file query_3.csv (CSV, C-alpha atoms)
chain,number,residue,atom,x,y,z
A,1435,MET,CA,-99.7,-4.7,167.3
A,1436,CYS,CA,-97.2,-7.5,166.4
A,1437,LYS,CA,-95.3,-6.7,163.2
A,1438,ARG,CA,-95.8,-10.3,162.0
A,1439,ASN,CA,-99.5,-9.5,161.8
A,1440,TRP,CA,-99.0,-7.0,158.9
A,1441,ILE,CA,-95.9,-8.2,157.2
A,1442,ALA,CA,-96.6,-10.5,154.3
A,1443,ALA,CA,-96.8,-14.0,152.9
A,1444,LEU,CA,-96.9,-16.2,149.9
A,1445,LEU,CA,-99.3,-18.9,148.9
A,1446,LEU,CA,-97.1,-21.5,147.1
A,1447,GLY,CA,-97.4,-24.8,149.0
A,1448,GLY,CA,-97.0,-27.8,146.8
A,1449,MET,CA,-97.0,-25.8,143.6
A,1450,LEU,CA,-93.6,-24.4,144.5
A,1451,ALA,CA,-92.2,-27.8,145.2
A,1452,ALA,CA,-93.4,-28.8,141.8
A,1453,GLY,CA,-91.3,-26.0,140.3
A,1454,THR,CA,-94.1,-23.5,139.6
A,1455,VAL,CA,-93.1,-19.8,139.8
A,1456,PHE,CA,-95.7,-17.2,140.6
A,1457,PRO,CA,-95.6,-13.6,139.4
A,1458,GLY,CA,-97.1,-12.3,142.6
A,1459,PRO,CA,-100.4,-10.6,143.3
A,1460,GLY,CA,-101.9,-7.7,141.5
A,1461,ALA,CA,-101.9,-4.2,142.8
A,1462,GLY,CA,-103.3,-4.0,146.3
A,1463,GLU,CA,-103.6,-7.8,146.7
A,1464,VAL,CA,-101.8,-9.7,149.4
A,1465,LEU,CA,-99.9,-13.0,149.2
A,1466,VAL,CA,-100.7,-15.4,152.0
A,1467,VAL,CA,-99.0,-18.6,153.1
A,1468,HIS,CA,-101.0,-21.1,155.1
A,1469,ALA,CA,-98.2,-23.6,155.5
A,1470,ALA,CA,-96.5,-22.3,158.6
A,1471,GLU,CA,-97.4,-20.4,161.8
A,1472,ASP,CA,-94.5,-18.0,161.2
A,1473,ALA,CA,-95.6,-17.1,157.7
A,1474,PHE,CA,-95.6,-13.5,156.5
A,1475,SER,CA,-98.0,-11.7,154.2
A,1476,LEU,CA,-96.8,-8.9,151.9
A,1477,GLU,CA,-98.4,-6.5,149.5
A,1478,GLU,CA,-97.2,-6.6,145.9
A,1479,GLN,CA,-94.8,-3.7,146.2
A,1480,GLU,CA,-93.1,-5.1,149.3
A,1481,TYR,CA,-92.9,-8.5,147.7
A,1482,GLN,CA,-91.2,-7.1,144.6
A,1483,ILE,CA,-88.7,-5.1,146.7
A,1484,LEU,CA,-87.8,-8.3,148.6
A,1485,LEU,CA,-87.4,-10.3,145.4
A,1486,ARG,CA,-85.2,-7.6,143.9
A,1487,ILE,CA,-83.0,-7.0,147.0
A,1488,VAL,CA,-82.3,-10.7,147.3
A,1489,GLU,CA,-81.5,-11.0,143.6
A,1490,ALA,CA,-79.2,-7.9,143.8
A,1491,GLU,CA,-77.4,-9.1,146.9
A,1492,ALA,CA,-77.3,-12.8,146.3
A,1493,GLY,CA,-78.1,-13.5,142.7
A,1494,GLY,CA,-74.9,-15.5,142.2
A,1495,GLU,CA,-75.6,-17.6,145.3
A,1496,ASP,CA,-77.4,-20.9,145.6
A,1497,ILE,CA,-80.8,-21.3,147.3
A,1498,THR,CA,-79.3,-21.3,150.8
A,1499,GLY,CA,-77.3,-18.1,150.2
A,1500,LYS,CA,-80.5,-16.4,148.9
A,1501,MET,CA,-82.6,-17.6,151.8
A,1502,LEU,CA,-80.0,-16.3,154.2
A,1503,VAL,CA,-80.2,-12.8,152.6
A,1504,ALA,CA,-84.0,-12.9,152.5
A,1505,GLY,CA,-83.9,-14.0,156.2
A,1506,VAL,CA,-81.9,-11.0,157.2
A,1507,VAL,CA,-84.4,-8.6,155.6
A,1508,MET,CA,-87.4,-10.3,157.2
A,1509,ASN,CA,-85.6,-10.6,160.5
A,1510,ARG,CA,-85.1,-6.9,160.4
A,1511,VAL,CA,-88.8,-6.3,159.6
A,1512,THR,CA,-89.8,-8.2,162.6
A,1513,SER,CA,-87.2,-6.7,164.9
A,1514,GLU,CA,-88.1,-3.7,167.1
A,1515,ALA,CA,-84.6,-2.3,166.3
A,1516,PHE,CA,-85.4,-1.7,162.6
A,1517,PRO,CA,-88.3,-0.3,160.5
A,1518,GLY,CA,-91.4,-2.4,160.2
A,1519,THR,CA,-91.8,-2.9,156.4
A,1520,VAL,CA,-89.6,-4.4,153.7
A,1521,LYS,CA,-89.4,-1.1,151.8
A,1522,GLU,CA,-88.3,0.8,154.9
A,1523,VAL,CA,-85.7,-1.8,155.8
A,1524,VAL,CA,-84.3,-2.0,152.3
A,1525,TYR,CA,-84.1,1.7,151.9
A,1526,GLU,CA,-83.0,2.6,155.4
A,1527,LYS,CA,-79.9,4.8,155.9
A,1528,THR,CA,-78.0,4.9,159.1
A,1529,ASN,CA,-75.8,8.0,159.6
A,1530,GLY,CA,-76.3,8.7,155.9
A,1531,THR,CA,-75.1,5.3,154.8
A,1532,ALA,CA,-77.4,2.9,153.0
A,1533,GLN,CA,-77.9,-0.4,154.7
A,1534,PHE,CA,-78.2,-2.2,151.3
A,1535,SER,CA,-75.8,-1.0,148.6
A,1536,PRO,CA,-78.0,-2.0,145.6
A,1537,THR,CA,-80.4,0.9,146.6
A,1538,VAL,CA,-77.5,3.3,145.9
A,1539,ASP,CA,-75.7,1.8,142.9
A,1540,GLY,CA,-78.8,1.1,140.9
A,1541,ARG,CA,-78.7,-2.8,140.9
A,1542,LEU,CA,-82.0,-2.9,142.7
A,1543,ASP,CA,-83.8,-1.4,139.7
A,1544,THR,CA,-82.0,-3.4,137.0
A,1545,VAL,CA,-82.0,-7.0,138.2
A,1546,SER,CA,-84.0,-9.8,136.6
A,1547,VAL,CA,-85.4,-12.0,139.4
A,1548,SER,CA,-84.5,-15.7,138.9
A,1549,GLU,CA,-86.7,-18.7,139.7
A,1550,GLY,CA,-84.1,-19.6,142.4
A,1551,THR,CA,-84.6,-16.2,144.1
A,1552,ALA,CA,-88.4,-16.5,143.9
A,1553,GLU,CA,-88.2,-20.0,145.5
A,1554,ALA,CA,-85.8,-18.7,148.3
A,1555,VAL,CA,-88.1,-15.8,149.1
A,1556,ALA,CA,-91.2,-18.0,149.1
A,1557,ARG,CA,-89.5,-20.4,151.6
A,1558,VAL,CA,-88.5,-17.5,153.9
A,1559,LEU,CA,-92.0,-15.9,153.6
A,1560,GLY,CA,-93.4,-19.3,154.4
A,1561,GLY,CA,-91.6,-19.3,157.8
A,1562,GLU,CA,-88.2,-20.9,157.1
A,1563,ASP,CA,-85.5,-19.0,158.9
A,1564,ILE,CA,-82.1,-20.7,158.3
A,1565,SER,CA,-80.3,-17.5,159.2
A,1566,GLN,CA,-80.4,-18.2,163.0
A,1567,GLY,CA,-81.9,-14.7,163.5
A,1568,ALA,CA,-79.2,-12.8,161.6
A,1569,LEU,CA,-79.8,-9.1,161.2
A,1570,TYR,CA,-76.7,-8.1,159.2
A,1571,PHE,CA,-74.5,-9.5,156.5
A,1572,ARG,CA,-71.4,-8.3,154.6
A,1573,SER,CA,-69.4,-9.6,151.7
A,1574,VAL,CA,-66.4,-11.9,152.5
A,1575,HIS,CA,-64.4,-9.5,150.3
A,1576,CYS,CA,-65.0,-6.4,152.5
A,1577,ASP,CA,-63.2,-5.4,155.7
A,1578,GLY,CA,-65.0,-6.8,158.7
A,1579,GLY,CA,-64.2,-3.7,160.8
A,1580,TRP,CA,-67.4,-2.6,162.6
A,1581,PHE,CA,-69.2,-5.9,161.9
A,1582,ASP,CA,-66.6,-8.0,163.7
A,1583,ARG,CA,-66.2,-5.5,166.6
A,1584,ALA,CA,-69.9,-4.7,167.3
A,1585,LEU,CA,-71.8,-7.8,166.2
A,1586,ASN,CA,-71.9,-11.5,166.9
A,1587,ARG,CA,-70.9,-13.7,163.9
A,1588,VAL,CA,-73.6,-16.3,163.1
A,1589,CYS,CA,-72.2,-18.0,160.0
A,1590,GLU,CA,-70.3,-17.6,156.8
A,1591,TYR,CA,-71.9,-18.9,153.6
A,1592,GLY,CA,-71.0,-18.3,150.0
A,1593,ASN,CA,-69.9,-14.7,149.5
A,1594,HIS,CA,-71.4,-13.4,152.8
A,1595,ILE,CA,-70.8,-13.4,156.5
A,1596,PHE,CA,-73.9,-13.1,158.7
A,1597,TYR,CA,-74.3,-11.4,162.1
A,1598,THR,CA,-76.7,-10.7,164.9
A,1599,LEU,CA,-76.7,-8.2,167.8
call {"tool": "encode", "arguments": {"input": "query_3.csv", "output": "structure tokens"}}
result
Amino acid sequence: MCKRNWIAALLLGGMLAAGTVFPGPGAGEVLVVHAAEDAFSLEEQEYQILLRIVEAEAGGEDITGKMLVAGVVMNRVTSEAFPGTVKEVVYEKTNGTAQFSPTVDGRLDTVSVSEGTAEAVARVLGGEDISQGALYFRSVHCDGGWFDRALNRVCEYGNHIFYTL
């Protein structure tokens, strides 16, 4: 079964363009986007984790920076090289190291999701991938080490550098 068939989506359409922010579905409900063929659908818990990881990682970024981070998470969800859900991707550890530091330092649980983050996530869930397929990112303030040796650099934007395999 294709992962995209069970990943999740957001019904925002023209309302988002008008500036409306949606709180998300209730427990067990699914958000659906009808606007794009590549849209996702997510259950509430997955949607909230995606919102929070984007806010924690890119809260100080503009809409593009936030979309790039959301794109990495969703690209991982659809990649056979990573787990198949937002929760599994965000909380994944490789060789004992968390893939997303906000899951370790507590930021994931303390952020307040901004309207800009909600809009960025909605656009990515609606099928917009401006990340060019990026699967990794790092802060521009961290040593490139493994990233620069093992991965292909896609772009640098804001405080992050994005990579693919």
call {"tool": "residues_around", "arguments": {"input": "query_3.csv", "residues": "range 1542-1551 of chain A", "least_positions_apart": "6", "cutoff": "10 Å", "atoms": "all atoms listed in the file", "output": "VMD selection string"}}
result
chain A and resid 1453 to 1456 1482 to 1501 1504 1524 1534 to 1536 1557
call {"tool": "closest_residue", "arguments": {"input": "query_3.csv", "among": "A:Ala1515, A:Val1538, A:Val1555, A:Ile1564", "to": "Cys1589 in chain A", "atoms": "only C-alpha atoms"}}
result
A:Ile1564
call {"tool": "atom_distance", "arguments": {"input": "query_3.csv", "atom1": "CA of Ser1475 in chain A", "atom2": "CA of Ser1565 in chain A"}}
result
19.3 Å
call {"tool": "residues_around", "arguments": {"input": "query_3.csv", "residues": "His1575 in chain A", "least_positions_apart": "4", "cutoff": "10 Å", "atoms": "all atoms listed in the file", "output": "mmCIF file with C-alpha atoms, in the frame of the given file"}}
result
data_model
loop_
_atom_site.group_PDB
_atom_site.id
_atom_site.type_symbol
_atom_site.label_atom_id
_atom_site.label_comp_id
_atom_site.auth_asym_id
_atom_site.auth_seq_id
_atom_site.Cartn_x
_atom_site.Cartn_y
_atom_site.Cartn_z
ATOM 1 C CA ASN A 1593 -69.900 -14.700 149.500
ATOM 2 C CA HIS A 1594 -71.400 -13.400 152.800
ATOM 3 C CA ILE A 1595 -70.800 -13.400 156.500
#
call {"tool": "atom_distance", "arguments": {"input": "query_3.csv", "atom1": "CA of Tyr1525 in chain A", "atom2": "CA of Asn1509 in chain A"}}
result
15.1 Å
call {"tool": "atom_distance", "arguments": {"input": "query_3.csv", "atom1": "CA of Glu1480 in chain A", "atom2": "CA of Val1523 in chain A"}}
result
10.4 Å
call {"tool": "closest_residue", "arguments": {"input": "query_3.csv", "among": "A:Glu1553, A:Glu1590, A:Glu1477, A:Asp1539", "to": "Thr1519 in chain A", "atoms": "all atoms listed in the file"}}
result
A:Glu1477
call {"tool": "residues_around", "arguments": {"input": "query_3.csv", "residues": "Phe1516 in chain A", "least_positions_apart": "6", "cutoff": "12 Å", "atoms": "only C-alpha atoms", "output": "NGL selection string"}}
result
:A and (1437 or 1506-1510 or 1522-1528 or 1533 or 1569-1570)
call {"tool": "closest_residue", "arguments": {"input": "query_3.csv", "among": "A:Gly1530, A:Gly1567, A:Gly1579, A:Gly1518", "to": "Leu1599 in chain A", "atoms": "only C-alpha atoms"}}
result
A:Gly1567
call {"tool": "decode", "arguments": {"input": "query_3.csv", "residues": "range 1558-1590 of chain A", "atoms": "N, CA and C atoms", "output": "short mmCIF file (atom, residue, chain, number, x, y, z; two decimals), in the first residue's frame"}}
result
data_model
loop_
_atom_site.label_atom_id
_atom_site.label_comp_id
_atom_site.auth_asym_id
_atom_site.auth_seq_id
_atom_site.Cartn_x
_atom_site.Cartn_y
_atom_site.Cartn_z
N VAL A 1558 1.85 22.49 2.79
CA VAL A 1558 2.60 21.25 2.53
C VAL A 1558 1.64 20.06 2.49
N LEU A 1559 0.71 20.00 3.43
CA LEU A 1559 -0.26 18.90 3.41
C LEU A 1559 -1.14 18.95 2.18
N GLY A 1560 -1.30 20.14 1.62
CA GLY A 1560 -2.08 20.31 0.40
C GLY A 1560 -1.32 19.92 -0.85
N GLY A 1561 -0.05 19.53 -0.71
CA GLY A 1561 0.71 19.04 -1.85
C GLY A 1561 1.85 19.92 -2.32
N GLU A 1562 2.07 21.07 -1.69
CA GLU A 1562 3.17 21.95 -2.09
C GLU A 1562 4.47 21.44 -1.49
N ASP A 1563 5.43 21.08 -2.31
CA ASP A 1563 6.76 20.68 -1.82
C ASP A 1563 7.80 21.59 -2.43
N ILE A 1564 8.19 22.60 -1.69
CA ILE A 1564 9.22 23.53 -2.17
C ILE A 1564 10.61 23.04 -1.74
N SER A 1565 10.66 21.91 -1.03
CA SER A 1565 11.93 21.41 -0.50
C SER A 1565 12.76 20.64 -1.51
N GLN A 1566 12.23 20.44 -2.70
CA GLN A 1566 12.93 19.68 -3.74
C GLN A 1566 13.28 18.27 -3.26
N GLY A 1567 12.39 17.70 -2.45
CA GLY A 1567 12.59 16.34 -1.98
C GLY A 1567 13.54 16.19 -0.80
N ALA A 1568 13.90 17.28 -0.13
CA ALA A 1568 14.84 17.22 0.99
C ALA A 1568 14.35 16.25 2.06
N LEU A 1569 15.30 15.52 2.64
CA LEU A 1569 15.00 14.54 3.68
C LEU A 1569 15.70 14.88 5.00
N TYR A 1570 16.60 15.85 4.97
CA TYR A 1570 17.37 16.23 6.14
C TYR A 1570 17.52 17.74 6.16
N PHE A 1571 17.75 18.29 7.35
CA PHE A 1571 18.17 19.68 7.47
C PHE A 1571 19.00 19.82 8.73
N ARG A 1572 19.78 20.86 8.75
CA ARG A 1572 20.58 21.19 9.94
C ARG A 1572 20.64 22.70 10.07
N SER A 1573 20.97 23.15 11.24
CA SER A 1573 21.14 24.58 11.49
C SER A 1573 22.39 25.07 10.78
N VAL A 1574 22.36 26.29 10.29
CA VAL A 1574 23.55 26.88 9.68
C VAL A 1574 24.64 27.11 10.74
N HIS A 1575 24.25 27.06 12.00
CA HIS A 1575 25.19 27.31 13.10
C HIS A 1575 25.87 26.05 13.60
N CYS A 1576 25.50 24.89 13.06
CA CYS A 1576 26.10 23.61 13.46
C CYS A 1576 27.13 23.17 12.44
N ASP A 1577 28.04 22.34 12.89
CA ASP A 1577 29.06 21.77 12.00
C ASP A 1577 28.38 20.88 10.96
N GLY A 1578 28.78 21.06 9.70
CA GLY A 1578 28.20 20.28 8.61
C GLY A 1578 28.61 18.84 8.60
N GLY A 1579 29.78 18.52 9.11
CA GLY A 1579 30.30 17.17 9.24
C GLY A 1579 29.64 16.12 8.38
N TRP A 1580 28.91 15.22 9.03
CA TRP A 1580 28.28 14.09 8.36
C TRP A 1580 27.35 14.55 7.25
N PHE A 1581 26.57 15.59 7.46
CA PHE A 1581 25.63 16.07 6.45
C PHE A 1581 26.36 16.37 5.14
N ASP A 1582 27.44 17.14 5.24
CA ASP A 1582 28.16 17.55 4.04
C ASP A 1582 28.93 16.41 3.39
N ARG A 1583 29.35 15.43 4.19
CA ARG A 1583 30.08 14.28 3.63
C ARG A 1583 29.15 13.24 3.01
N ALA A 1584 27.99 12.99 3.63
CA ALA A 1584 27.15 11.86 3.23
C ALA A 1584 25.94 12.23 2.39
N LEU A 1585 25.58 13.50 2.34
CA LEU A 1585 24.32 13.89 1.70
C LEU A 1585 24.55 14.90 0.58
N ASN A 1586 23.53 15.10 -0.21
CA ASN A 1586 23.56 16.09 -1.28
C ASN A 1586 22.82 17.34 -0.82
N ARG A 1587 23.52 18.45 -0.85
CA ARG A 1587 22.94 19.72 -0.43
C ARG A 1587 21.91 20.19 -1.45
N VAL A 1588 20.72 20.55 -0.96
CA VAL A 1588 19.64 21.01 -1.83
C VAL A 1588 19.60 22.54 -1.83
N CYS A 1589 19.56 23.13 -0.64
CA CYS A 1589 19.50 24.58 -0.56
C CYS A 1589 19.79 25.05 0.86
N GLU A 1590 20.05 26.32 0.99
CA GLU A 1590 20.17 26.96 2.28
C GLU A 1590 19.11 28.04 2.33
#
